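input.cif follows (mmCIF, C-alpha atoms):
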data_data
loop_
_atom_site.label_atom_id
_atom_site.label_comp_id
_atom_site.auth_asym_id
_atom_site.auth_seq_id
_atom_site.Cartn_x
_atom_site.Cartn_y
_atom_site.Cartn_z
CA MET A 17 -72.55 -16.58 35.10
CA ARG A 18 -70.07 -14.54 37.13
CA LEU A 19 -69.42 -17.58 39.34
CA ARG A 20 -68.59 -19.71 36.31
CA LEU A 21 -66.18 -17.12 34.93
CA SER A 22 -64.44 -16.82 38.28
CA LEU A 23 -64.03 -20.60 38.51
CA VAL A 24 -62.59 -20.76 34.98
CA CYS A 25 -60.08 -18.00 35.80
CA LEU A 26 -59.01 -19.74 38.99
CA MET A 27 -58.52 -23.01 37.15
CA LEU A 28 -56.39 -21.33 34.48
CA LEU A 29 -54.27 -19.55 37.08
CA ALA A 30 -53.81 -22.73 39.04
CA GLY A 31 -52.78 -24.70 35.95
CA ALA A 32 -50.30 -22.09 34.70
CA PRO A 33 -46.73 -22.50 35.96
CA PRO A 34 -45.15 -19.52 37.68
CA ALA A 35 -43.50 -17.08 35.29
CA HIS A 36 -40.15 -17.42 37.01
CA ALA A 37 -40.10 -21.22 37.22
CA ASP A 38 -38.02 -21.61 34.06
CA ALA A 39 -35.55 -19.00 35.29
CA ARG A 40 -35.10 -20.93 38.57
CA THR A 41 -34.58 -24.17 36.67
CA ALA A 42 -32.02 -22.51 34.39
CA GLU A 43 -30.18 -21.13 37.41
CA ILE A 44 -29.99 -24.55 39.06
CA LEU A 45 -28.73 -26.13 35.84
CA MET A 46 -26.09 -23.41 35.46
CA ARG A 47 -24.80 -24.18 38.95
CA GLU A 48 -24.47 -27.83 38.01
CA CYS A 49 -22.77 -26.84 34.76
CA THR A 50 -20.23 -24.77 36.68
CA LYS A 51 -19.61 -27.60 39.14
CA HIS A 52 -18.93 -30.14 36.35
CA PHE A 53 -16.81 -27.58 34.46
CA ASN A 54 -14.58 -26.97 37.48
CA ALA A 55 -14.24 -30.75 37.85
CA LEU A 56 -13.12 -30.94 34.17
CA GLU A 57 -16.19 -33.06 33.37
CA TYR A 58 -16.78 -31.23 30.11
CA GLU A 59 -19.41 -33.55 28.57
CA LEU A 60 -21.63 -33.32 31.66
CA ALA A 61 -21.03 -29.57 31.90
CA ALA A 62 -22.06 -29.10 28.26
CA SER A 63 -25.28 -31.09 28.75
CA LYS A 64 -26.22 -29.00 31.82
CA CYS A 65 -25.50 -25.71 30.01
CA GLU A 66 -27.58 -26.77 27.02
CA ALA A 67 -30.43 -27.75 29.32
CA SER A 68 -30.15 -24.38 31.05
CA LEU A 69 -30.49 -22.61 27.72
CA LYS A 70 -33.54 -24.68 26.83
CA ALA A 71 -35.15 -23.64 30.10
CA ASP A 72 -34.24 -19.98 29.61
CA PRO A 73 -32.74 -18.87 26.26
CA THR A 74 -31.59 -15.58 27.80
CA VAL A 75 -28.90 -17.18 29.96
CA VAL A 76 -25.87 -15.80 28.11
CA GLY A 77 -23.52 -17.32 30.68
CA ALA A 78 -24.41 -20.76 29.32
CA MET A 79 -23.36 -19.64 25.83
CA ARG A 80 -20.02 -18.46 27.22
CA TYR A 81 -19.41 -21.71 29.10
CA LEU A 82 -20.35 -23.78 26.03
CA ALA A 83 -17.85 -21.88 23.87
CA VAL A 84 -15.04 -22.63 26.34
CA ILE A 85 -16.18 -26.23 26.89
CA THR A 86 -16.44 -27.13 23.21
CA ARG A 87 -12.97 -25.72 22.50
CA ALA A 88 -11.62 -27.81 25.38
CA LEU A 89 -13.35 -30.89 23.93
CA GLY A 90 -11.82 -30.08 20.56
CA LYS A 91 -8.35 -30.01 22.08
CA LYS A 92 -9.06 -33.22 23.96
CA THR A 93 -10.54 -35.27 21.09
CA GLY A 94 -9.08 -33.50 18.04
CA GLU A 95 -12.53 -33.44 16.40
CA GLN A 96 -13.09 -30.33 14.31
CA ARG A 97 -16.83 -30.28 14.94
CA TYR A 98 -16.18 -29.06 18.47
CA TYR A 99 -14.24 -26.06 17.13
CA HIS A 100 -17.15 -25.21 14.85
CA GLN A 101 -19.50 -25.45 17.82
CA CYS A 102 -17.19 -23.24 19.85
CA ILE A 103 -17.32 -20.53 17.16
CA ALA A 104 -21.11 -20.80 16.96
CA TRP A 105 -21.58 -20.46 20.73
CA ALA A 106 -19.09 -17.59 21.00
CA GLU A 107 -20.76 -15.70 18.14
CA MET A 108 -24.14 -16.28 19.78
CA TYR A 109 -22.79 -14.78 22.99
CA LEU A 110 -21.32 -11.78 21.13
CA ARG A 111 -24.65 -11.09 19.47
CA GLU A 112 -26.27 -10.95 22.90
CA ARG A 113 -23.39 -9.07 24.55
CA PRO A 114 -21.64 -6.83 21.97
CA THR A 115 -19.79 -5.15 24.83
CA GLY A 116 -19.15 -6.54 28.27
CA LYS A 117 -16.72 -8.14 30.66
CA TYR A 118 -16.22 -11.31 28.59
CA THR A 119 -16.53 -9.85 25.08
CA ASP A 120 -12.79 -9.86 24.38
CA ARG A 121 -12.50 -13.38 25.84
CA MET A 122 -15.14 -14.64 23.41
CA LYS A 123 -13.36 -12.97 20.49
CA ASP A 124 -10.20 -14.77 21.57
CA GLU A 125 -12.13 -18.05 21.69
CA VAL A 126 -13.31 -17.51 18.12
CA ASN A 127 -9.78 -16.81 16.88
CA ALA A 128 -8.34 -19.77 18.80
CA CYS A 129 -10.89 -22.11 17.20
CA ARG A 130 -10.30 -20.59 13.76
CA LYS A 131 -6.58 -21.17 14.20
CA ALA A 132 -7.24 -24.79 15.19
CA LEU A 133 -9.28 -25.15 11.98
CA GLY A 134 -6.45 -23.70 9.89
CA GLN A 135 -8.26 -20.41 9.31
CA LYS A 136 -6.92 -16.88 9.65
CA GLU A 137 -7.71 -14.91 12.76
CA LEU A 138 -10.38 -12.26 12.45
CA PRO A 139 -8.78 -8.80 12.59
CA LYS A 140 -9.36 -6.60 15.60
CA VAL A 141 -11.23 -3.64 14.17
CA GLN A 142 -11.76 -0.42 16.11
CA THR A 143 -15.33 0.22 15.02
CA GLN A 144 -16.77 3.72 15.06
CA GLY A 145 -19.84 4.36 17.16
CA GLN A 146 -22.29 1.46 17.05
CA THR A 147 -21.12 -0.01 13.74
CA GLY A 148 -19.97 -3.57 13.05
CA ALA A 149 -17.45 -4.86 10.53
CA LEU A 150 -17.56 -7.30 7.64
CA VAL A 151 -14.50 -9.28 6.58
CA ILE A 152 -15.08 -10.61 3.07
CA THR A 153 -12.65 -13.29 1.91
CA CYS A 154 -12.81 -14.64 -1.63
CA ASP A 155 -10.84 -17.30 -3.45
CA VAL A 156 -10.73 -15.07 -6.56
CA GLU A 157 -8.83 -11.79 -6.65
CA GLY A 158 -10.32 -8.74 -8.34
CA ALA A 159 -13.93 -9.74 -7.71
CA THR A 160 -16.28 -6.80 -7.19
CA VAL A 161 -17.95 -6.57 -3.78
CA SER A 162 -21.28 -4.80 -3.27
CA ILE A 163 -23.09 -4.35 0.02
CA ASP A 164 -26.76 -3.45 -0.30
CA ASP A 165 -26.18 -2.61 -3.99
CA LEU A 166 -23.35 -0.19 -3.12
CA ARG A 167 -19.98 -1.09 -4.57
CA ARG A 168 -17.27 -1.24 -1.90
CA GLY A 169 -14.24 -2.27 -3.98
CA ALA A 170 -12.57 -5.42 -5.27
CA THR A 171 -11.07 -8.39 -3.43
CA PRO A 172 -8.95 -8.54 -1.40
CA LEU A 173 -10.59 -5.93 0.82
CA ASN A 174 -9.87 -4.50 4.24
CA PRO A 175 -12.65 -4.91 6.84
CA ILE A 176 -15.71 -2.81 5.96
CA GLN A 177 -17.65 -1.03 8.69
CA VAL A 178 -21.44 -1.14 8.31
CA THR A 179 -24.44 -0.44 10.49
CA PRO A 180 -25.87 -3.29 12.62
CA GLY A 181 -28.60 -5.42 11.07
CA ARG A 182 -29.16 -7.44 7.91
CA HIS A 183 -27.08 -6.65 4.83
CA THR A 184 -26.98 -8.25 1.40
CA VAL A 185 -23.46 -9.01 0.19
CA THR A 186 -22.93 -9.63 -3.53
CA VAL A 187 -19.62 -10.71 -5.07
CA TYR A 188 -19.21 -11.07 -8.82
CA LYS A 189 -16.60 -11.19 -11.56
CA PHE A 190 -16.71 -11.82 -15.28
CA GLY A 191 -16.56 -15.54 -16.00
CA TYR A 192 -17.95 -16.56 -12.60
CA LEU A 193 -21.40 -17.11 -11.18
CA PRO A 194 -22.36 -14.27 -8.81
CA PHE A 195 -22.44 -14.96 -5.09
CA THR A 196 -25.08 -13.45 -2.80
CA ALA A 197 -25.52 -13.82 0.95
CA VAL A 198 -27.56 -12.10 3.64
CA VAL A 199 -25.43 -11.34 6.69
CA GLU A 200 -26.48 -10.28 10.19
CA VAL A 201 -24.06 -7.64 11.46
CA VAL A 202 -23.71 -7.13 15.21
CA THR A 203 -22.61 -3.92 16.93
CA LYS A 204 -18.81 -3.74 17.45
CA GLN A 205 -18.34 -7.31 16.17
CA VAL A 206 -16.42 -8.62 13.16
CA GLN A 207 -18.41 -10.92 10.88
CA GLU A 208 -16.68 -13.02 8.23
CA VAL A 209 -18.21 -13.78 4.84
CA LYS A 210 -16.35 -16.57 3.03
CA VAL A 211 -16.92 -16.49 -0.71
CA SER A 212 -16.06 -19.23 -3.18
CA LEU A 213 -16.86 -18.22 -6.75
CA GLN A 214 -17.78 -20.92 -9.24
CA ARG A 215 -16.91 -20.74 -12.92
CA ASP A 216 -19.83 -19.87 -15.20
CA PRO A 217 -20.01 -22.63 -17.84
CA ASN A 218 -22.05 -20.37 -20.14
CA ALA A 219 -19.76 -17.34 -19.95
CA PRO A 220 -18.18 -16.18 -23.25
CA THR A 221 -14.46 -16.64 -23.67
CA GLU A 222 -13.86 -12.88 -24.05
CA GLN A 223 -15.16 -10.18 -21.77
CA PRO A 224 -17.63 -7.83 -23.50
CA THR A 225 -16.82 -4.12 -23.80
CA SER A 226 -19.93 -3.24 -21.79
CA ARG A 227 -22.15 -5.02 -19.32
CA PRO A 228 -25.87 -4.82 -18.76
CA TRP A 229 -25.43 -3.59 -15.17
CA GLY A 230 -23.25 -0.71 -16.38
CA GLY A 231 -20.22 -1.28 -14.11
CA GLY A 232 -16.61 -0.74 -14.97
CA GLY A 233 -13.81 -3.26 -15.31
CA ASP A 234 -13.49 -5.86 -12.60
CA GLY A 235 -9.94 -6.89 -13.00
CA GLY A 236 -10.36 -9.46 -15.83
CA GLY A 237 -8.35 -9.39 -19.01
CA GLY A 238 -9.52 -6.89 -21.62
CA ALA A 239 -11.63 -4.99 -19.07
CA PRO A 240 -13.61 -2.02 -20.41
CA GLU A 241 -12.90 1.53 -19.36
CA ARG A 242 -13.76 2.02 -15.73
CA GLU A 243 -16.74 4.16 -14.92
CA GLU A 244 -15.38 4.92 -11.45
CA GLY A 245 -12.28 6.65 -10.19
CA THR A 246 -9.83 5.49 -7.54
CA VAL A 247 -8.46 7.27 -4.50
CA LYS A 248 -5.45 5.62 -2.85
CA LEU A 249 -4.57 6.65 0.70
CA ASP A 250 -1.19 5.93 2.29
CA VAL A 251 -2.03 6.68 5.91
CA ALA A 252 0.11 6.89 9.04
CA PRO A 253 -0.59 5.85 11.72
CA SER A 254 -2.13 2.67 10.35
CA ALA A 255 -4.86 2.69 13.02
CA ALA A 256 -6.34 5.90 11.60
CA THR A 257 -9.97 5.83 10.47
CA VAL A 258 -11.16 7.06 7.09
CA THR A 259 -14.58 8.53 6.36
CA VAL A 260 -15.98 9.53 2.98
CA ASP A 261 -18.90 11.95 3.18
CA GLY A 262 -19.31 10.91 6.81
CA GLN A 263 -19.37 7.14 6.11
CA ALA A 264 -16.62 5.00 7.62
CA ARG A 265 -14.41 3.14 5.13
CA MET A 266 -11.92 0.49 6.19
CA GLU A 267 -10.20 0.07 2.83
CA ARG A 268 -7.36 2.39 1.80
CA THR A 269 -8.04 2.06 -1.92
CA LEU A 270 -11.41 3.68 -2.56
CA THR A 271 -13.40 3.04 -5.71
CA LEU A 272 -15.82 5.94 -6.15
CA LYS A 273 -18.18 7.25 -8.77
CA PRO A 274 -17.20 10.55 -10.41
CA GLY A 275 -17.96 13.52 -8.16
CA THR A 276 -16.66 15.51 -5.22
CA TYR A 277 -16.20 13.78 -1.86
CA ALA A 278 -15.22 14.97 1.61
CA VAL A 279 -12.44 12.61 2.73
CA ARG A 280 -11.42 12.77 6.37
CA VAL A 281 -8.66 10.85 8.14
CA GLU A 282 -8.38 10.92 11.92
CA ALA A 283 -6.73 9.04 14.76
CA ALA A 284 -6.76 9.38 18.52
CA GLY A 285 -4.14 11.83 19.74
CA HIS A 286 -3.53 13.26 16.25
CA GLU A 287 -4.90 16.20 14.36
CA PRO A 288 -7.31 15.22 11.55
CA TRP A 289 -6.70 15.52 7.82
CA GLU A 290 -9.57 16.52 5.55
CA ARG A 291 -9.83 17.32 1.85
CA ARG A 292 -12.49 17.71 -0.78
CA VAL A 293 -11.40 15.22 -3.43
CA VAL A 294 -12.65 15.41 -6.98
CA VAL A 295 -12.97 11.92 -8.49
CA THR A 296 -12.97 11.62 -12.27
CA LYS A 297 -13.79 8.65 -14.46
CA GLY A 298 -10.94 6.15 -14.78
CA ALA A 299 -8.46 8.36 -12.89
CA THR A 300 -6.42 7.44 -9.82
CA LYS A 301 -5.41 9.93 -7.16
CA GLU A 302 -2.89 9.10 -4.47
CA PHE A 303 -2.43 10.83 -1.12
CA LYS A 304 0.37 10.24 1.38
CA ILE A 305 -1.04 11.25 4.76
CA GLU A 306 1.01 11.47 7.95
CA LEU A 307 -1.14 12.69 10.82
CA ARG A 308 0.69 14.98 13.19
CA ALA A 309 0.49 14.28 16.91
CA LEU A 310 -1.49 16.83 18.90
CA ALA A 311 1.31 17.02 21.47
CA GLU A 312 3.70 18.14 18.73
CA ARG A 313 1.24 20.78 17.60
CA ARG A 314 0.75 22.00 21.17
CA ARG A 315 4.51 22.41 21.58
CA ALA A 316 4.72 24.38 18.35
CA ARG A 317 1.79 26.55 19.44
CA THR A 318 3.36 27.21 22.85
CA TRP A 319 6.65 28.30 21.30
CA ALA A 320 4.83 30.35 18.67
CA TRP A 321 2.94 32.25 21.36
CA THR A 322 6.18 32.66 23.34
CA LEU A 323 8.06 34.09 20.36
CA THR A 324 5.08 36.26 19.42
CA GLY A 325 5.05 37.68 22.95
CA ALA A 326 8.82 38.15 22.89
CA ALA A 327 8.57 39.96 19.55
CA ALA A 328 5.88 42.26 20.93
CA VAL A 329 7.82 43.01 24.14
CA THR A 330 11.14 43.66 22.41
CA ALA A 331 9.40 45.77 19.78
CA GLY A 332 7.91 47.85 22.60
CA VAL A 333 11.32 48.17 24.24
CA GLY A 334 12.87 49.19 20.93
CA ALA A 335 10.14 51.75 20.31
CA TYR A 336 10.52 53.18 23.84
CA PHE A 337 14.28 53.60 23.57
CA GLY A 338 13.94 54.87 20.01
CA ILE A 339 11.66 57.64 21.23
CA ALA A 340 13.98 58.36 24.16
CA GLU A 341 16.95 58.52 21.75
CA SER A 342 15.11 60.98 19.54
CA ASN A 343 14.18 63.15 22.54
CA ASN A 344 17.79 63.32 23.79
CA TYR A 345 19.13 64.25 20.35
CA ARG A 346 16.43 66.91 20.09
CA LYS A 347 17.31 68.31 23.54
CA ALA A 348 21.00 68.44 22.59
CA SER A 349 20.20 70.25 19.33
CA THR A 350 17.84 72.73 21.01
CA LEU A 351 20.37 73.49 23.76
CA TYR A 352 23.13 74.04 21.23
CA GLU A 353 21.04 76.46 19.12
CA THR A 354 19.97 78.38 22.25
CA ALA A 355 23.54 78.67 23.51
CA ARG A 356 24.84 79.71 20.09
CA ARG A 357 22.45 82.67 19.99
CA GLY A 358 22.80 83.74 23.63
CA GLY A 359 26.18 82.45 24.67
CA PHE A 360 27.43 79.22 26.16
CA ALA A 361 27.11 78.71 29.89
CA PRO A 362 29.96 76.90 31.71
CA ASP A 363 28.01 73.59 31.81
CA THR A 364 26.31 73.85 28.40
CA ARG A 365 28.83 71.79 26.51
CA SER A 366 28.81 69.02 29.13
CA ARG A 367 24.99 68.94 29.09
CA ILE A 368 24.95 68.69 25.28
CA ALA A 369 27.54 65.88 25.43
CA GLY A 370 25.44 64.10 28.09
CA TYR A 371 22.28 64.27 25.95
CA ARG A 372 24.18 62.91 22.94
CA SER A 373 25.81 60.15 25.01
CA ASP A 374 22.45 59.07 26.37
CA GLY A 375 21.02 59.19 22.86
CA ASP A 376 23.84 56.99 21.51
CA THR A 377 23.26 54.41 24.27
CA GLN A 378 19.52 54.41 23.70
CA LYS A 379 20.11 54.05 19.96
CA VAL A 380 22.14 50.85 20.54
CA ILE A 381 19.45 49.47 22.85
CA ALA A 382 16.63 50.35 20.41
CA THR A 383 18.47 48.84 17.44
CA THR A 384 19.27 45.66 19.36
CA ALA A 385 15.71 45.33 20.67
CA LEU A 386 14.20 45.83 17.22
CA GLY A 387 16.61 43.25 15.78
CA VAL A 388 15.61 40.73 18.43
CA SER A 389 11.95 41.54 17.79
CA LEU A 390 12.32 40.87 14.06
CA ALA A 391 14.12 37.57 14.73
CA ALA A 392 11.45 36.49 17.23
CA LEU A 393 8.72 37.51 14.80
CA ALA A 394 10.33 35.48 12.01
CA GLY A 395 10.51 32.45 14.30
CA ALA A 396 6.90 32.96 15.40
CA VAL A 397 5.72 33.17 11.79
CA ALA A 398 7.52 29.93 10.95
CA LEU A 399 6.03 28.18 13.99
CA TRP A 400 2.50 29.47 13.30
CA ILE A 401 2.73 28.20 9.73
CA TYR A 402 4.02 24.85 10.98
CA GLU A 403 1.38 24.71 13.73
CA ARG A 404 -1.48 25.44 11.35
CA GLY A 405 -0.17 23.40 8.46
CA ASP A 406 -2.53 23.54 5.48
CA GLU A 407 -5.72 22.58 7.28
CA HIS A 408 -7.77 25.73 6.54
CA PRO A 409 -10.92 24.80 4.58
CA ALA A 410 -10.95 25.31 0.83
CA GLY A 411 -12.19 28.77 -0.15
CA GLU A 412 -11.23 30.41 3.18
CA ALA A 413 -8.29 32.71 3.82
CA PRO A 414 -5.25 31.06 5.40
CA ALA A 415 -4.91 31.40 9.15
CA LEU A 416 -1.61 33.27 8.77
CA ALA A 417 -1.27 35.83 5.99
CA VAL A 418 1.26 38.52 5.00
CA THR A 419 -0.33 41.28 2.92
CA PRO A 420 0.94 44.67 1.64
CA THR A 421 -0.72 47.57 3.48
CA PRO A 422 -0.62 51.24 2.36
CA LEU A 423 0.45 53.76 5.01
CA PRO A 424 0.50 57.60 4.92
CA GLY A 425 4.28 57.67 4.56
CA GLY A 426 4.58 54.75 2.14
CA GLY A 427 3.69 51.14 2.85
CA ALA A 428 4.34 48.10 4.99
CA LEU A 429 3.77 44.39 5.24
CA MET A 430 0.87 43.47 7.51
CA LEU A 431 1.00 40.11 9.30
CA SER A 432 -2.49 38.76 10.19
CA ARG A 433 -3.51 35.61 12.08
CA SER A 434 -7.09 34.31 12.05
CA PHE A 435 -8.56 32.22 14.85
CA ALA A 436 -11.41 29.70 15.10
CA TRP A 437 -12.50 29.83 18.71
CA GLY A 438 -14.62 26.86 19.74
CA ALA A 439 -13.35 24.77 16.85
CA GLY A 440 -10.70 22.93 18.77
CA GLN A 441 -7.99 25.48 18.02
#

Translate this structure into structure tokens?
Amino acid sequence: MRLRLSLVCLMLLAGAPPAHADARTAEILMRECTKHFNALEYELAASKCEASLKADPTVVGAMRYLAVITRALGKKTGEQRYYHQCIAWAEMYLRERPTGKYTDRMKDEVNACRKALGQKELPKVQTQGQTGALVITCDVEGATVSIDDLRRGATPLNPIQVTPGRHTVTVYKFGYLPFTAVVEVVTKQVQEVKVSLQRDPNAPTEQPTSRPWGGGGDGGGGAPEREEGTVKLDVAPSAATVTVDGQARMERTLTLKPGTYAVRVEAAGHEPWERRVVVTKGATKEFKIELRALAERRRARTWAWTLTGAAAVTAGVGAYFGIAESNNYRKASTLYETARRGGFAPDTRSRIAGYRSDGDTQKVIATTALGVSLAALAGAVALWIYERGDEHPAGEAPALAVTPTPLPGGGALMLSRSFAWGAGQ
């Protein structure tokens, strides 16, 4: 029995091709593809690359070559089918290699073929983290777009960043048949969804005041009161990213359900902007946001610290000479009273005059130093306010505050500055 089993196993092993045979075949075919490509024999090169992929579907280099070859054939023959094939091969490569040496080249191939087909270029989106982007184009303006049953606004829309994987895109508008498509989103890639809405022959001539799915108006005539609110952001620089409750949003006009949202705008090399925005039904809020460059803030902070230090030093100098002035006047007064009771010595009057002269000089120095200190302090306060802006979180005390403070002899204004160590300050 054991002998029979051993013979069967040997026969199976002998009949099975080596695991790496297909990989070797694919490699040989890729070499031939490269040779024909360099000789400008595009048809032969394409056939070799396709055969290489059949032998080993993981050969992404064949996908890259096929994208370039089919675009070259499109330019040579003028046939649009080659441009469509180029886009398909390039997108296949990008799905396999979201990031890599030739990723940008494949994106350029896609846009070149789209241009040859009379289509707009796909925008270059700086995706956050491992997200991808959806570009939804529709031949009807004001159509509502939902992704996975979450409303994302109305057409036309800016690119929308979503997580990689399958997503259901729904586009609808009163008087049109709804459009639904399942889209595969790839990390760091831009995927286009072209939507052509068809008129609904059974739709009533007037839009109803309410709809069974409970949404607000969608841009048609006589639209009902909107259930959502709108937040419009005018952002500079334009490359800044917007997140709402931690979710990236590419559009600058946000349609949101009533509630409170944390809206954050940030860009590389700039300080972020963040607010808690209260959205109310049917209302529109507009924000003009100009992010300040970090270098500008650092300069303001450096000068603020410099002026703060100068204010402290000159205040110390003024206090020192103020005390010295007081001591000299006191010495002059004490010497005068002593001499008046016991008689003036020959040098008493000159000593009194010397004390008073020193006191007058020290008074000028103290007054000047305190004046400079106040000016430096005023400049420092202005720079600290400018440096901090209005970024302190809602409900917290401002970073720079002037408050009345009682003192034993009366009162004073107390200047306080709060710090957030470890928070990027």

* Could you tell me which residues the PyMOL selection byres ((chain A and resi 181) around 9) grabs in this file, written as a PyMOL selection string? => chain A and resi 178-180+182-183+199-203

* Hits from the PyMOL selection byres ((chain A and resi 347-351) around 8), listed as a PyMOL selection string -> chain A and resi 343-346+352-355+364+367-369+371-372

Quick one: residues within 9 Å of Val76 (chain A), only C-alpha atoms counted, chain neighbours fewer than 2 positions away excluded, as a PDB file with C-alpha atoms, in the frame of the given file?
ATOM      1  CA  LEU A  69     -30.490 -22.610  27.720  1.00  0.00           C
ATOM      2  CA  PRO A  73     -32.740 -18.870  26.260  1.00  0.00           C
ATOM      3  CA  THR A  74     -31.590 -15.580  27.800  1.00  0.00           C
ATOM      4  CA  ALA A  78     -24.410 -20.760  29.320  1.00  0.00           C
ATOM      5  CA  MET A  79     -23.360 -19.640  25.830  1.00  0.00           C
ATOM      6  CA  ARG A  80     -20.020 -18.460  27.220  1.00  0.00           C
ATOM      7  CA  TYR A  81     -19.410 -21.710  29.100  1.00  0.00           C
ATOM      8  CA  MET A 108     -24.140 -16.280  19.780  1.00  0.00           C
ATOM      9  CA  TYR A 109     -22.790 -14.780  22.990  1.00  0.00           C
ATOM     10  CA  GLU A 112     -26.270 -10.950  22.900  1.00  0.00           C
ATOM     11  CA  ARG A 113     -23.390  -9.070  24.550  1.00  0.00           C
TER      12      ARG A 113
END

* Separation of CA of Ala149 (chain A) from CA of Gly90 (chain A) in Å -> 27.7 Å

* Skip region 301-311 of chain A itself and residues of its chain fewer than 3 positions away, then list as number ranges by chain all residues within 8 Å of it, counting only C-alpha atoms. => A: 246-253, 282-283, 285-289, 295, 314-315

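Atom pair CA of Ser373 (chain A) / CA of Leu386 (chain A) has a distance of 20.0 Å (rounded to one decimal).
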
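Within a radius of 6 Å around (-15.0, -15.9, 18.8), the polymer residues are Ile103, Ala106, Glu107, Met122, Lys123, Asp124, Glu125, Val126 and Asn127 of chain A, counting all atoms listed in the file.
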
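Here CA of Leu270 (chain A) is placed at a distance of 7.7 Å from CA of Arg168 (chain A).
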
Taking 3 positions as the minimum chain separation for residues in the same chain, which residues sit within 12 Å of Thr196 (chain A) when counting all atoms listed in the file? Answer as a PDB file with C-alpha atoms, in the coordinates of the input.
ATOM      1  CA  ILE A 152     -15.080 -10.610   3.070  1.00  0.00           C
ATOM      2  CA  THR A 160     -16.280  -6.800  -7.190  1.00  0.00           C
ATOM      3  CA  VAL A 161     -17.950  -6.570  -3.780  1.00  0.00           C
ATOM      4  CA  SER A 162     -21.280  -4.800  -3.270  1.00  0.00           C
ATOM      5  CA  ILE A 163     -23.090  -4.350   0.020  1.00  0.00           C
ATOM      6  CA  ASP A 164     -26.760  -3.450  -0.300  1.00  0.00           C
ATOM      7  CA  ASP A 165     -26.180  -2.610  -3.990  1.00  0.00           C
ATOM      8  CA  HIS A 183     -27.080  -6.650   4.830  1.00  0.00           C
ATOM      9  CA  THR A 184     -26.980  -8.250   1.400  1.00  0.00           C
ATOM     10  CA  VAL A 185     -23.460  -9.010   0.190  1.00  0.00           C
ATOM     11  CA  THR A 186     -22.930  -9.630  -3.530  1.00  0.00           C
ATOM     12  CA  VAL A 187     -19.620 -10.710  -5.070  1.00  0.00           C
ATOM     13  CA  TYR A 188     -19.210 -11.070  -8.820  1.00  0.00           C
ATOM     14  CA  LEU A 193     -21.400 -17.110 -11.180  1.00  0.00           C
ATOM     15  CA  VAL A 199     -25.430 -11.340   6.690  1.00  0.00           C
ATOM     16  CA  VAL A 209     -18.210 -13.780   4.840  1.00  0.00           C
ATOM     17  CA  LYS A 210     -16.350 -16.570   3.030  1.00  0.00           C
ATOM     18  CA  VAL A 211     -16.920 -16.490  -0.710  1.00  0.00           C
ATOM     19  CA  SER A 212     -16.060 -19.230  -3.180  1.00  0.00           C
ATOM     20  CA  LEU A 213     -16.860 -18.220  -6.750  1.00  0.00           C
TER      21      LEU A 213
END

* Just the residues within 7 Å of Gln177 (chain A), please, counting all atoms listed in the file, with nothing from its chain fewer than 6 positions along; format it as a list of chain:residue names. => A:Thr143, A:Thr147, A:Gly148, A:Ala149, A:Leu150, A:Ala264, A:Arg265, A:Met266

* Neighbours of Gly334 (chain A) within 8 Å (all atoms listed in the file; same-chain residues fewer than 4 positions away dropped), as a VMD selection string? -> chain A and resid 330 338 381 to 386

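Here the question is which of A:Leu390, A:Val260, A:Leu138, A:Leu272 gets nearest to Leu166 (chain A) using only C-alpha atoms, and that residue is A:Leu272.
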
* To do: Return as a PyMOL selection string the set of residues that the PyMOL selection byres ((chain A and resi 324) around 12) yields on the displayed structure.
  => chain A and resi 316-323+325-331+388-400+431+433

* Pick from A:Asp155, A:Arg40, A:Ala255, A:Ala67 nearest to Arg215 (chain A), counting all atoms listed in the file -> A:Asp155

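Nearest residue to Pro274 (chain A), choosing from A:Thr86, A:Thr296, A:Thr41, A:Thr259 and counting all atoms listed in the file: A:Thr296.
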